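Dumped entry39.csv below, it's CSV, C-alpha atoms:
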```csv
chain,number,residue,atom,x,y,z
N,19,MET,CA,216.7,-161.5,-30.9
N,20,ASN,CA,215.4,-162.8,-34.2
N,21,ASP,CA,217.1,-162.2,-37.6
N,22,ARG,CA,214.6,-159.7,-38.7
N,23,ALA,CA,215.0,-157.6,-35.6
N,24,GLU,CA,218.8,-157.7,-36.0
N,25,SER,CA,218.6,-156.7,-39.6
N,26,LEU,CA,216.7,-153.5,-38.6
N,27,LEU,CA,219.5,-152.4,-36.2
N,28,TRP,CA,222.2,-150.5,-38.0
N,29,VAL,CA,224.8,-151.7,-35.6
N,30,GLU,CA,224.1,-155.3,-36.9
N,31,LYS,CA,223.2,-154.4,-40.5
N,32,TYR,CA,226.4,-152.6,-41.0
N,33,ARG,CA,228.7,-154.5,-38.7
N,34,PRO,CA,232.0,-155.2,-40.6
N,35,LYS,CA,232.6,-158.8,-41.5
N,36,LYS,CA,236.4,-158.5,-42.1
N,37,ILE,CA,239.2,-157.1,-39.9
N,38,GLN,CA,240.3,-154.8,-42.7
N,39,ASP,CA,236.9,-153.0,-42.6
N,40,CYS,CA,237.0,-152.5,-38.8
N,41,ILE,CA,237.8,-149.0,-37.5
N,42,LEU,CA,240.9,-149.7,-35.3
N,43,PRO,CA,244.2,-148.2,-34.2
N,44,ALA,CA,247.0,-149.3,-36.5
N,45,GLU,CA,248.7,-151.6,-34.0
N,46,ILE,CA,245.5,-153.4,-33.1
N,47,LYS,CA,244.5,-153.9,-36.7
N,48,LYS,CA,248.0,-155.2,-37.5
N,49,THR,CA,247.7,-157.8,-34.7
N,50,PHE,CA,244.3,-159.1,-35.9
N,51,SER,CA,245.4,-159.1,-39.5
N,52,GLU,CA,248.4,-161.3,-38.6
N,53,LEU,CA,246.0,-163.7,-36.8
N,54,VAL,CA,243.9,-164.0,-39.9
N,55,THR,CA,247.0,-164.6,-42.0
N,56,LYS,CA,248.2,-167.3,-39.6
N,57,GLY,CA,244.8,-168.9,-39.6
N,58,GLU,CA,244.7,-169.6,-35.8
N,59,VAL,CA,244.1,-167.6,-32.6
N,60,PRO,CA,245.1,-168.0,-29.0
N,61,ASN,CA,242.6,-167.5,-26.1
N,62,LEU,CA,241.9,-163.8,-26.0
N,63,ILE,CA,240.7,-161.1,-23.6
N,64,LEU,CA,239.6,-158.0,-25.5
N,65,THR,CA,239.2,-155.0,-23.2
N,66,GLY,CA,238.4,-151.4,-23.6
N,67,SER,CA,235.7,-148.8,-23.2
N,68,ALA,CA,232.2,-149.4,-24.6
N,69,GLY,CA,231.5,-149.3,-28.3
N,70,THR,CA,235.2,-149.4,-29.5
N,71,GLY,CA,234.7,-152.5,-31.6
N,72,LYS,CA,235.7,-155.4,-29.4
N,73,THR,CA,232.7,-157.7,-30.2
N,74,THR,CA,232.8,-156.6,-33.9
N,75,VAL,CA,236.5,-157.6,-34.2
N,76,ALA,CA,235.9,-160.9,-32.4
N,77,ARG,CA,233.1,-161.8,-34.8
N,78,ALA,CA,234.9,-160.6,-37.9
N,79,LEU,CA,238.0,-162.7,-36.9
N,80,CYS,CA,235.9,-165.8,-36.5
N,81,THR,CA,234.0,-165.2,-39.7
N,82,GLU,CA,237.2,-164.7,-41.7
N,83,LEU,CA,238.7,-167.9,-40.3
N,84,GLY,CA,235.5,-169.9,-40.7
N,85,PHE,CA,235.3,-171.0,-37.0
N,86,ASP,CA,232.3,-172.6,-35.4
N,87,VAL,CA,231.2,-170.0,-32.8
N,88,LEU,CA,229.1,-170.2,-29.7
N,89,PHE,CA,228.1,-166.6,-28.8
N,90,ILE,CA,227.1,-165.9,-25.2
N,91,ASN,CA,226.0,-162.5,-23.8
N,92,ALA,CA,227.5,-162.8,-20.3
N,93,SER,CA,225.5,-159.8,-19.1
N,94,GLU,CA,222.4,-161.9,-19.5
N,95,GLU,CA,223.8,-165.4,-18.9
N,96,SER,CA,226.5,-165.1,-16.2
N,97,GLY,CA,225.9,-168.1,-14.0
N,98,ILE,CA,227.6,-171.4,-13.6
N,99,ASP,CA,224.8,-173.2,-15.5
N,100,VAL,CA,226.0,-171.4,-18.7
N,101,LEU,CA,229.2,-173.4,-18.5
N,102,ARG,CA,227.6,-176.6,-17.6
N,103,ASN,CA,224.8,-176.5,-20.1
N,104,LYS,CA,226.1,-174.5,-23.1
N,105,ILE,CA,229.8,-174.3,-23.2
N,106,GLN,CA,230.6,-177.8,-22.1
N,107,GLN,CA,228.1,-179.3,-24.6
N,108,PHE,CA,229.4,-177.1,-27.4
N,109,ALA,CA,233.1,-177.7,-26.7
N,110,SER,CA,232.8,-181.4,-26.2
N,111,THR,CA,230.6,-182.3,-29.1
N,112,VAL,CA,232.4,-183.9,-32.1
N,113,GLY,CA,231.5,-182.1,-35.3
N,114,PHE,CA,231.4,-183.1,-38.9
N,115,SER,CA,234.4,-180.9,-39.8
N,116,ASP,CA,237.7,-180.1,-38.2
N,117,LYS,CA,236.9,-176.5,-37.7
N,118,THR,CA,238.2,-174.8,-34.6
N,119,LYS,CA,235.5,-174.0,-32.1
N,120,VAL,CA,235.3,-170.6,-30.5
N,121,VAL,CA,233.4,-169.7,-27.4
N,122,LEU,CA,232.8,-165.9,-27.6
N,123,LEU,CA,231.8,-164.6,-24.1
N,124,ASP,CA,230.6,-161.0,-24.7
N,125,GLU,CA,230.7,-158.6,-21.7
N,126,ALA,CA,232.6,-161.3,-19.7
N,127,ASP,CA,233.2,-158.9,-16.8
N,128,TYR,CA,229.6,-159.7,-15.8
N,129,LEU,CA,230.6,-163.4,-15.1
N,130,ASN,CA,230.5,-164.3,-11.5
N,131,PRO,CA,234.1,-164.1,-10.2
N,132,ASN,CA,233.5,-166.6,-7.4
N,133,SER,CA,232.0,-169.4,-9.4
N,134,THR,CA,231.7,-169.0,-13.2
N,135,GLN,CA,235.1,-167.4,-13.8
N,136,PRO,CA,237.1,-170.0,-11.8
N,137,ALA,CA,235.1,-172.8,-13.6
N,138,LEU,CA,235.9,-171.2,-17.0
N,139,ARG,CA,239.6,-171.6,-16.2
N,140,GLY,CA,239.1,-175.3,-16.1
N,141,PHE,CA,237.2,-175.4,-19.3
N,142,ILE,CA,239.9,-173.5,-21.1
N,143,GLU,CA,242.4,-176.1,-20.1
N,144,GLU,CA,240.2,-179.1,-20.7
N,145,PHE,CA,239.2,-178.2,-24.2
N,146,HIS,CA,242.5,-176.6,-25.3
N,147,GLN,CA,242.9,-179.0,-28.3
N,148,SER,CA,239.5,-178.3,-29.9
N,149,SER,CA,238.3,-174.9,-28.7
N,150,ARG,CA,239.4,-171.3,-28.2
N,151,PHE,CA,237.9,-168.7,-25.8
N,152,ILE,CA,237.5,-165.0,-26.6
N,153,LEU,CA,236.3,-162.8,-23.8
N,154,THR,CA,235.3,-159.1,-24.3
N,155,CYS,CA,235.0,-156.8,-21.3
N,156,ASN,CA,234.9,-153.1,-20.5
N,157,PHE,CA,236.9,-153.6,-17.3
N,158,LYS,CA,239.7,-156.2,-17.3
N,159,ASN,CA,240.2,-155.8,-13.6
N,160,LYS,CA,236.9,-157.6,-13.2
N,161,ILE,CA,238.3,-160.7,-14.8
N,162,ILE,CA,240.2,-162.9,-12.4
N,163,GLU,CA,244.0,-163.2,-12.7
N,164,PRO,CA,244.0,-167.0,-13.6
N,165,LEU,CA,242.0,-166.1,-16.8
N,166,HIS,CA,244.5,-163.3,-17.5
N,167,SER,CA,247.3,-165.8,-17.4
N,168,ARG,CA,245.6,-168.1,-19.8
N,169,CYS,CA,244.7,-165.5,-22.4
N,170,SER,CA,246.4,-162.9,-24.6
N,171,ILE,CA,245.1,-159.5,-23.5
N,172,ILE,CA,244.4,-156.8,-26.2
N,173,ASP,CA,243.5,-153.4,-25.0
N,174,PHE,CA,241.3,-151.4,-27.4
N,175,ARG,CA,242.7,-148.1,-26.1
N,176,ILE,CA,243.1,-145.5,-28.8
N,177,PRO,CA,246.4,-143.5,-28.8
N,178,ASN,CA,245.8,-139.8,-28.8
N,179,GLY,CA,247.8,-139.4,-32.0
N,180,GLU,CA,245.4,-141.7,-33.9
N,181,LYS,CA,242.1,-140.2,-32.7
N,182,PRO,CA,241.8,-137.7,-35.5
N,183,LYS,CA,242.4,-140.4,-38.2
N,184,LEU,CA,239.9,-142.8,-36.6
N,185,GLY,CA,237.4,-140.0,-36.1
N,186,LEU,CA,237.6,-139.3,-39.8
N,187,GLU,CA,237.2,-143.0,-40.6
N,188,LEU,CA,234.1,-143.1,-38.5
N,189,PHE,CA,232.8,-139.9,-40.1
N,190,ARG,CA,233.1,-141.5,-43.6
N,191,ARG,CA,231.5,-144.7,-42.4
N,192,LEU,CA,228.5,-142.9,-40.9
N,193,GLU,CA,228.2,-140.9,-44.1
N,194,TYR,CA,228.0,-144.1,-46.1
N,195,ILE,CA,225.4,-145.5,-43.8
N,196,LEU,CA,223.2,-142.4,-43.8
N,197,LYS,CA,223.4,-142.3,-47.6
N,198,ALA,CA,222.5,-146.0,-47.9
N,199,GLU,CA,219.5,-145.4,-45.6
N,200,GLY,CA,218.4,-142.3,-47.6
N,201,ILE,CA,218.8,-140.0,-44.6
N,202,THR,CA,219.8,-136.4,-45.3
N,203,TYR,CA,222.3,-134.9,-42.8
N,204,ASP,CA,224.2,-131.9,-41.8
N,205,LYS,CA,228.0,-132.6,-42.0
N,206,LYS,CA,228.7,-130.2,-39.1
N,207,VAL,CA,226.2,-131.9,-36.9
N,208,LEU,CA,227.6,-135.3,-37.8
N,209,GLY,CA,231.0,-134.1,-36.8
N,210,GLU,CA,229.8,-132.7,-33.5
N,211,LEU,CA,228.0,-136.0,-32.7
N,212,ILE,CA,231.2,-137.9,-33.2
N,213,SER,CA,233.1,-135.5,-31.1
N,214,LYS,CA,230.5,-135.9,-28.3
N,215,PHE,CA,230.6,-139.7,-28.1
N,216,PHE,CA,234.0,-140.7,-29.7
N,217,PRO,CA,235.4,-143.4,-29.3
N,218,ASP,CA,232.0,-145.1,-28.7
N,219,PHE,CA,231.2,-146.0,-32.3
N,220,ARG,CA,228.2,-148.0,-31.3
N,221,ARG,CA,226.7,-145.1,-29.4
N,222,CYS,CA,227.1,-142.8,-32.4
N,223,LEU,CA,225.4,-145.2,-34.7
N,224,ASN,CA,222.5,-146.0,-32.3
N,225,GLU,CA,221.8,-142.3,-31.7
N,226,LEU,CA,221.8,-141.6,-35.4
N,227,GLN,CA,219.3,-144.4,-36.1
N,228,ARG,CA,217.1,-143.3,-33.2
N,229,TYR,CA,217.0,-139.7,-34.5
N,230,SER,CA,216.8,-140.7,-38.2
N,231,VAL,CA,213.1,-141.5,-38.0
N,232,SER,CA,212.5,-137.9,-38.9
N,233,GLY,CA,214.3,-138.5,-42.2
N,234,THR,CA,217.1,-136.0,-41.5
N,235,ILE,CA,220.0,-135.5,-39.1
N,236,ASP,CA,220.1,-131.9,-37.9
N,237,ALA,CA,221.1,-129.9,-34.8
N,238,GLY,CA,218.1,-131.3,-32.9
N,239,ILE,CA,219.9,-134.6,-32.3
N,240,LEU,CA,222.5,-132.7,-30.2
N,241,SER,CA,219.9,-131.1,-27.9
N,242,THR,CA,217.9,-134.2,-27.3
N,243,LEU,CA,220.5,-136.8,-26.6
N,244,SER,CA,221.3,-136.0,-23.0
N,245,ASP,CA,217.7,-135.3,-22.0
N,246,VAL,CA,216.5,-138.6,-23.2
N,247,LYS,CA,219.3,-140.6,-21.5
N,248,MET,CA,218.8,-138.7,-18.2
N,249,SER,CA,215.1,-139.2,-18.2
N,250,GLU,CA,215.8,-143.0,-18.5
N,251,LEU,CA,218.1,-142.9,-15.5
N,252,ILE,CA,215.7,-140.9,-13.4
N,253,LYS,CA,213.0,-143.4,-14.2
N,254,PHE,CA,215.2,-146.3,-13.1
N,255,LEU,CA,216.3,-144.6,-9.9
N,256,LYS,CA,212.7,-143.7,-9.0
N,257,GLY,CA,211.6,-147.4,-9.6
N,258,LYS,CA,214.7,-148.7,-7.7
N,259,GLU,CA,215.6,-150.8,-10.8
N,260,PHE,CA,219.2,-151.6,-9.8
N,261,THR,CA,219.8,-153.8,-12.9
N,262,ASN,CA,218.7,-151.2,-15.3
N,263,VAL,CA,220.7,-148.5,-13.5
N,264,ARG,CA,223.8,-150.6,-13.9
N,265,ARG,CA,223.1,-151.2,-17.5
N,266,TRP,CA,222.6,-147.4,-18.0
N,267,VAL,CA,226.0,-146.7,-16.4
N,268,VAL,CA,227.7,-149.2,-18.7
N,269,GLU,CA,226.1,-147.7,-21.8
N,270,ASN,CA,226.5,-144.1,-20.9
N,271,LEU,CA,229.5,-143.5,-18.7
N,272,ASP,CA,232.0,-143.1,-21.6
N,273,GLY,CA,234.7,-142.1,-19.1
N,274,ASP,CA,233.2,-138.7,-18.4
N,275,THR,CA,231.9,-138.9,-14.9
N,276,VAL,CA,231.9,-135.2,-14.4
N,277,ARG,CA,229.3,-134.8,-17.2
N,278,VAL,CA,227.2,-137.6,-15.7
N,279,TYR,CA,227.2,-136.1,-12.2
N,280,ARG,CA,226.4,-132.6,-13.6
N,281,ALA,CA,223.5,-133.9,-15.6
N,282,ILE,CA,222.0,-135.6,-12.6
N,283,TYR,CA,222.4,-132.4,-10.6
N,284,ASP,CA,220.6,-130.4,-13.3
N,285,ALA,CA,217.8,-132.9,-13.3
N,286,LEU,CA,217.2,-132.8,-9.5
N,287,TYR,CA,214.8,-129.9,-9.3
N,288,ASP,CA,212.4,-131.4,-11.8
N,289,ASN,CA,212.4,-134.9,-10.5
N,290,VAL,CA,213.3,-134.9,-6.8
N,291,ASP,CA,211.2,-133.7,-3.9
N,292,THR,CA,212.5,-130.4,-2.5
N,293,SER,CA,213.2,-131.9,0.9
N,294,SER,CA,215.6,-134.4,-0.7
N,295,ILE,CA,217.7,-131.9,-2.8
N,296,PRO,CA,220.2,-130.9,-0.1
N,297,ALA,CA,221.0,-134.5,0.6
N,298,ALA,CA,221.4,-135.2,-3.1
N,299,VAL,CA,223.8,-132.3,-3.6
N,300,VAL,CA,226.0,-133.6,-0.7
N,301,ILE,CA,226.0,-137.1,-2.1
N,302,LEU,CA,226.9,-136.0,-5.6
N,303,GLY,CA,229.6,-133.7,-4.3
N,304,GLU,CA,231.2,-136.4,-2.2
N,305,TRP,CA,231.1,-139.0,-5.0
N,306,GLN,CA,232.4,-136.6,-7.7
N,307,TYR,CA,235.5,-136.2,-5.5
N,308,LYS,CA,235.8,-139.9,-4.7
N,309,THR,CA,235.3,-141.0,-8.3
N,310,THR,CA,238.3,-138.9,-9.4
N,311,TYR,CA,240.6,-141.1,-7.3
N,312,SER,CA,238.7,-144.4,-7.8
N,313,ALA,CA,240.5,-147.3,-9.7
N,314,ASP,CA,237.1,-148.4,-10.9
N,315,LYS,CA,234.9,-145.5,-12.0
N,316,GLU,CA,231.9,-147.6,-12.9
N,317,LEU,CA,231.8,-149.0,-9.4
N,318,ALA,CA,232.1,-145.5,-7.9
N,319,VAL,CA,229.3,-144.1,-10.1
N,320,MET,CA,227.1,-147.2,-9.2
N,321,ALA,CA,227.8,-146.6,-5.5
N,322,CYS,CA,226.7,-143.0,-5.9
N,323,LEU,CA,223.5,-143.8,-7.8
N,324,THR,CA,222.6,-146.6,-5.4
N,325,GLN,CA,222.9,-144.1,-2.5
N,326,LEU,CA,220.7,-141.6,-4.4
N,327,MET,CA,218.2,-144.4,-5.3
N,328,MET,CA,217.8,-145.5,-1.7
N,329,GLN,CA,217.8,-142.1,0.1
N,330,LEU,CA,216.0,-139.6,-2.1
N,331,LYS,CA,212.3,-139.0,-2.4
N,332,PHE,CA,211.3,-138.6,-6.0
N,333,LYS,CA,208.3,-136.6,-7.3
N,334,GLY,CA,205.3,-138.4,-8.7
```
Have the structure of the file written as structure tokens, please.
Amino acid sequence: MNDRAESLLWVEKYRPKKIQDCILPAEIKKTFSELVTKGEVPNLILTGSAGTGKTTVARALCTELGFDVLFINASEESGIDVLRNKIQQFASTVGFSDKTKVVLLDEADYLNPNSTQPALRGFIEEFHQSSRFILTCNFKNKIIEPLHSRCSIIDFRIPNGEKPKLGLELFRRLEYILKAEGITYDKKVLGELISKFFPDFRRCLNELQRYSVSGTIDAGILSTLSDVKMSELIKFLKGKEFTNVRRWVVENLDGDTVRVYRAIYDALYDNVDTSSIPAAVVILGEWQYKTTYSADKELAVMACLTQLMMQLKFKG
């Protein structure tokens, strides 16, 4: 993505550059503030649900400490060649300064656990004197244990007692952004939007930007959000676009699988051939139950959607 495109995205334009400006639970903010004070960091695994600030914090930390950073989106570059061609070259090159080098692997749970992750273990050890590794992931159980043992793990889970405070911080931050962009808004609607997607800060901001083209944020945003997202999913299922289905799940699951299954059920009659609806209902019912007891809800939802994708006959 070029600089101009990034500057047009609110999530990039208003991304905090300092730890103090990040919206975080008190204990997590304290941990990162102490790292800034000390001026050095260990290898880290930052884990937690989507949109809670893992990548933002990692970038802010590196910016404040003046580290040289290699950023890799592991959801797009997950193969062993990434290590051989990018990471090794970056970590082994002698620079003109004594700055610490940081390899920031975003969405590291996409890295191949059978090849890339084991090789990464060796790189962490080989370049321990000059480089640090920061991995972000939604599901830490997808990161192999040898990497866990070589990194400090920070879970971006928000304690229930801090949710109101952080929700208020997010409300004020979004107000600031809307005013800076010259967008009028209904405070009640803004509050409802945050309630709908909290703690996915990125999702809140992306939805606001998408809807802001009308020049105002009103109740219409609440009625269109789910419809737009579900139409995307149906399109991907119909086209048997597995990669896009998986990306949709990562971006939209937000821990509420009941809502996802219900929305799919409601969309059946408009998008699925009548002959396939009974099978779809059975599949959804079975997976709704299984997901409740699943250790990895993303995997369970993906299994359900894959079954729907392969067995249903879609309209059109």
Exercise. Extract, using only C-alpha atoms, all DNA, RNA and protein residues at most 12 Å from range 171-184 of chain N, discarding same-chain residues fewer than 5 positions from it, and format them as a VMD selection string.
Key: chain N and resid 40 to 50 60 to 76 151 to 159 161 163 165 to 166 189 to 191 209 212 to 213 216 to 219
So that I have them on file, write out the residues from the current selection with C-alpha atoms, as a PDB file, in the coordinates of the input.
```
ATOM      1  CA  CYS N  40     237.000-152.500 -38.800  1.00  0.00           C
ATOM      2  CA  ILE N  41     237.800-149.000 -37.500  1.00  0.00           C
ATOM      3  CA  LEU N  42     240.900-149.700 -35.300  1.00  0.00           C
ATOM      4  CA  PRO N  43     244.200-148.200 -34.200  1.00  0.00           C
ATOM      5  CA  ALA N  44     247.000-149.300 -36.500  1.00  0.00           C
ATOM      6  CA  GLU N  45     248.700-151.600 -34.000  1.00  0.00           C
ATOM      7  CA  ILE N  46     245.500-153.400 -33.100  1.00  0.00           C
ATOM      8  CA  LYS N  47     244.500-153.900 -36.700  1.00  0.00           C
ATOM      9  CA  LYS N  48     248.000-155.200 -37.500  1.00  0.00           C
ATOM     10  CA  THR N  49     247.700-157.800 -34.700  1.00  0.00           C
ATOM     11  CA  PHE N  50     244.300-159.100 -35.900  1.00  0.00           C
ATOM     12  CA  PRO N  60     245.100-168.000 -29.000  1.00  0.00           C
ATOM     13  CA  ASN N  61     242.600-167.500 -26.100  1.00  0.00           C
ATOM     14  CA  LEU N  62     241.900-163.800 -26.000  1.00  0.00           C
ATOM     15  CA  ILE N  63     240.700-161.100 -23.600  1.00  0.00           C
ATOM     16  CA  LEU N  64     239.600-158.000 -25.500  1.00  0.00           C
ATOM     17  CA  THR N  65     239.200-155.000 -23.200  1.00  0.00           C
ATOM     18  CA  GLY N  66     238.400-151.400 -23.600  1.00  0.00           C
ATOM     19  CA  SER N  67     235.700-148.800 -23.200  1.00  0.00           C
ATOM     20  CA  ALA N  68     232.200-149.400 -24.600  1.00  0.00           C
ATOM     21  CA  GLY N  69     231.500-149.300 -28.300  1.00  0.00           C
ATOM     22  CA  THR N  70     235.200-149.400 -29.500  1.00  0.00           C
ATOM     23  CA  GLY N  71     234.700-152.500 -31.600  1.00  0.00           C
ATOM     24  CA  LYS N  72     235.700-155.400 -29.400  1.00  0.00           C
ATOM     25  CA  THR N  73     232.700-157.700 -30.200  1.00  0.00           C
ATOM     26  CA  THR N  74     232.800-156.600 -33.900  1.00  0.00           C
ATOM     27  CA  VAL N  75     236.500-157.600 -34.200  1.00  0.00           C
ATOM     28  CA  ALA N  76     235.900-160.900 -32.400  1.00  0.00           C
ATOM     29  CA  PHE N 151     237.900-168.700 -25.800  1.00  0.00           C
ATOM     30  CA  ILE N 152     237.500-165.000 -26.600  1.00  0.00           C
ATOM     31  CA  LEU N 153     236.300-162.800 -23.800  1.00  0.00           C
ATOM     32  CA  THR N 154     235.300-159.100 -24.300  1.00  0.00           C
ATOM     33  CA  CYS N 155     235.000-156.800 -21.300  1.00  0.00           C
ATOM     34  CA  ASN N 156     234.900-153.100 -20.500  1.00  0.00           C
ATOM     35  CA  PHE N 157     236.900-153.600 -17.300  1.00  0.00           C
ATOM     36  CA  LYS N 158     239.700-156.200 -17.300  1.00  0.00           C
ATOM     37  CA  ASN N 159     240.200-155.800 -13.600  1.00  0.00           C
ATOM     38  CA  ILE N 161     238.300-160.700 -14.800  1.00  0.00           C
ATOM     39  CA  GLU N 163     244.000-163.200 -12.700  1.00  0.00           C
ATOM     40  CA  LEU N 165     242.000-166.100 -16.800  1.00  0.00           C
ATOM     41  CA  HIS N 166     244.500-163.300 -17.500  1.00  0.00           C
ATOM     42  CA  PHE N 189     232.800-139.900 -40.100  1.00  0.00           C
ATOM     43  CA  ARG N 190     233.100-141.500 -43.600  1.00  0.00           C
ATOM     44  CA  ARG N 191     231.500-144.700 -42.400  1.00  0.00           C
ATOM     45  CA  GLY N 209     231.000-134.100 -36.800  1.00  0.00           C
ATOM     46  CA  ILE N 212     231.200-137.900 -33.200  1.00  0.00           C
ATOM     47  CA  SER N 213     233.100-135.500 -31.100  1.00  0.00           C
ATOM     48  CA  PHE N 216     234.000-140.700 -29.700  1.00  0.00           C
ATOM     49  CA  PRO N 217     235.400-143.400 -29.300  1.00  0.00           C
ATOM     50  CA  ASP N 218     232.000-145.100 -28.700  1.00  0.00           C
ATOM     51  CA  PHE N 219     231.200-146.000 -32.300  1.00  0.00           C
TER      52      PHE N 219
END
```
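When the distance limit is 10 Å and all atoms listed in the file are what count, the residues near range 320-323 of chain N, minus those fewer than 5 positions from it on the same chain, are Leu251, Leu255, Phe260, Val263, Arg264, Trp266, Val267, Val268, Tyr279, Ile282, Ala298, Ile301, Leu302, Gly303, Glu304, Trp305, Gln306, Lys308, Thr309, Lys315, Met328 and Gln329 of chain N.
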Exercise. Enter the distance from CA of Arg220 in chain N to CA of Leu271 in chain N, in Å, rounded to one decimal.
Key: 13.4 Å
Practice problem: Within 12 Å of Glu143 in chain N, counting all atoms listed in the file, which residues show up once you throw out same-chain ones fewer than 4 positions away? Write them as number ranges by chain, please. | Solution: N: 61, 109, 136-139, 147-151, 164-165, 167-169
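Note that the spacing between CA of Val87 in chain N and CA of Glu144 in chain N amounts to 17.6 Å.
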Quiz item: With distances taken over all atoms listed in the file, which of N:Cys222, N:Ile235, N:Cys80, N:Leu211 is nearest to Glu269 in chain N?
Solution: N:Cys222
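Interatomic distance, CA of Gly233 in chain N to CA of Lys253 in chain N: 28.5 Å.
Counting all atoms listed in the file, the residue from N:Ile195, N:Val290, N:Val278, N:Ala285 that sits nearest to Glu316 in chain N is N:Val278.
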Exercise. Take the point (237.7, -180.5, -33.5) as written in the file and pick out every residue within 12 Å of it, counting all atoms listed in the file; give the list as a PyMOL selection string.
Key: chain N and resi 85-86+108-120+145-150
Practice problem: Skip Leu208 in chain N itself and residues of its chain fewer than 6 positions away, then list as number ranges by chain all residues within 9 Å of it, counting only C-alpha atoms. | Solution: N: 189, 192-193, 226, 235-237
Please, could N, CA and C atoms be added to range 309-321 of chain N and the result written as a short mmCIF file (atom, residue, chain, number, x, y, z; two decimals), in the frame of the given file?
```cif
data_model
loop_
_atom_site.label_atom_id
_atom_site.label_comp_id
_atom_site.auth_asym_id
_atom_site.auth_seq_id
_atom_site.Cartn_x
_atom_site.Cartn_y
_atom_site.Cartn_z
N THR N 309 235.20 -140.34 -7.00
CA THR N 309 235.30 -141.00 -8.30
C THR N 309 236.63 -140.61 -8.99
N THR N 310 237.07 -139.37 -8.77
CA THR N 310 238.30 -138.90 -9.40
C THR N 310 239.48 -139.78 -9.02
N TYR N 311 239.47 -140.31 -7.80
CA TYR N 311 240.60 -141.10 -7.30
C TYR N 311 240.27 -142.62 -7.26
N SER N 312 239.16 -143.00 -7.86
CA SER N 312 238.70 -144.40 -7.80
C SER N 312 239.42 -145.19 -8.95
N ALA N 313 239.85 -146.41 -8.64
CA ALA N 313 240.50 -147.30 -9.70
C ALA N 313 239.39 -147.84 -10.59
N ASP N 314 238.16 -147.90 -10.12
CA ASP N 314 237.10 -148.40 -10.90
C ASP N 314 235.93 -147.41 -10.93
N LYS N 315 235.90 -146.57 -11.95
CA LYS N 315 234.90 -145.50 -12.00
C LYS N 315 233.51 -145.96 -12.12
N GLU N 316 233.29 -147.08 -12.80
CA GLU N 316 231.90 -147.60 -12.90
C GLU N 316 231.40 -147.97 -11.53
N LEU N 317 232.23 -148.62 -10.72
CA LEU N 317 231.80 -149.00 -9.40
C LEU N 317 231.51 -147.77 -8.53
N ALA N 318 232.33 -146.73 -8.68
CA ALA N 318 232.10 -145.50 -7.90
C ALA N 318 230.80 -144.83 -8.29
N VAL N 319 230.53 -144.75 -9.59
CA VAL N 319 229.30 -144.10 -10.10
C VAL N 319 228.09 -144.97 -9.60
N MET N 320 228.22 -146.29 -9.66
CA MET N 320 227.10 -147.20 -9.20
C MET N 320 226.87 -146.96 -7.71
N ALA N 321 227.92 -146.79 -6.93
CA ALA N 321 227.80 -146.60 -5.50
C ALA N 321 227.00 -145.27 -5.24
#
```
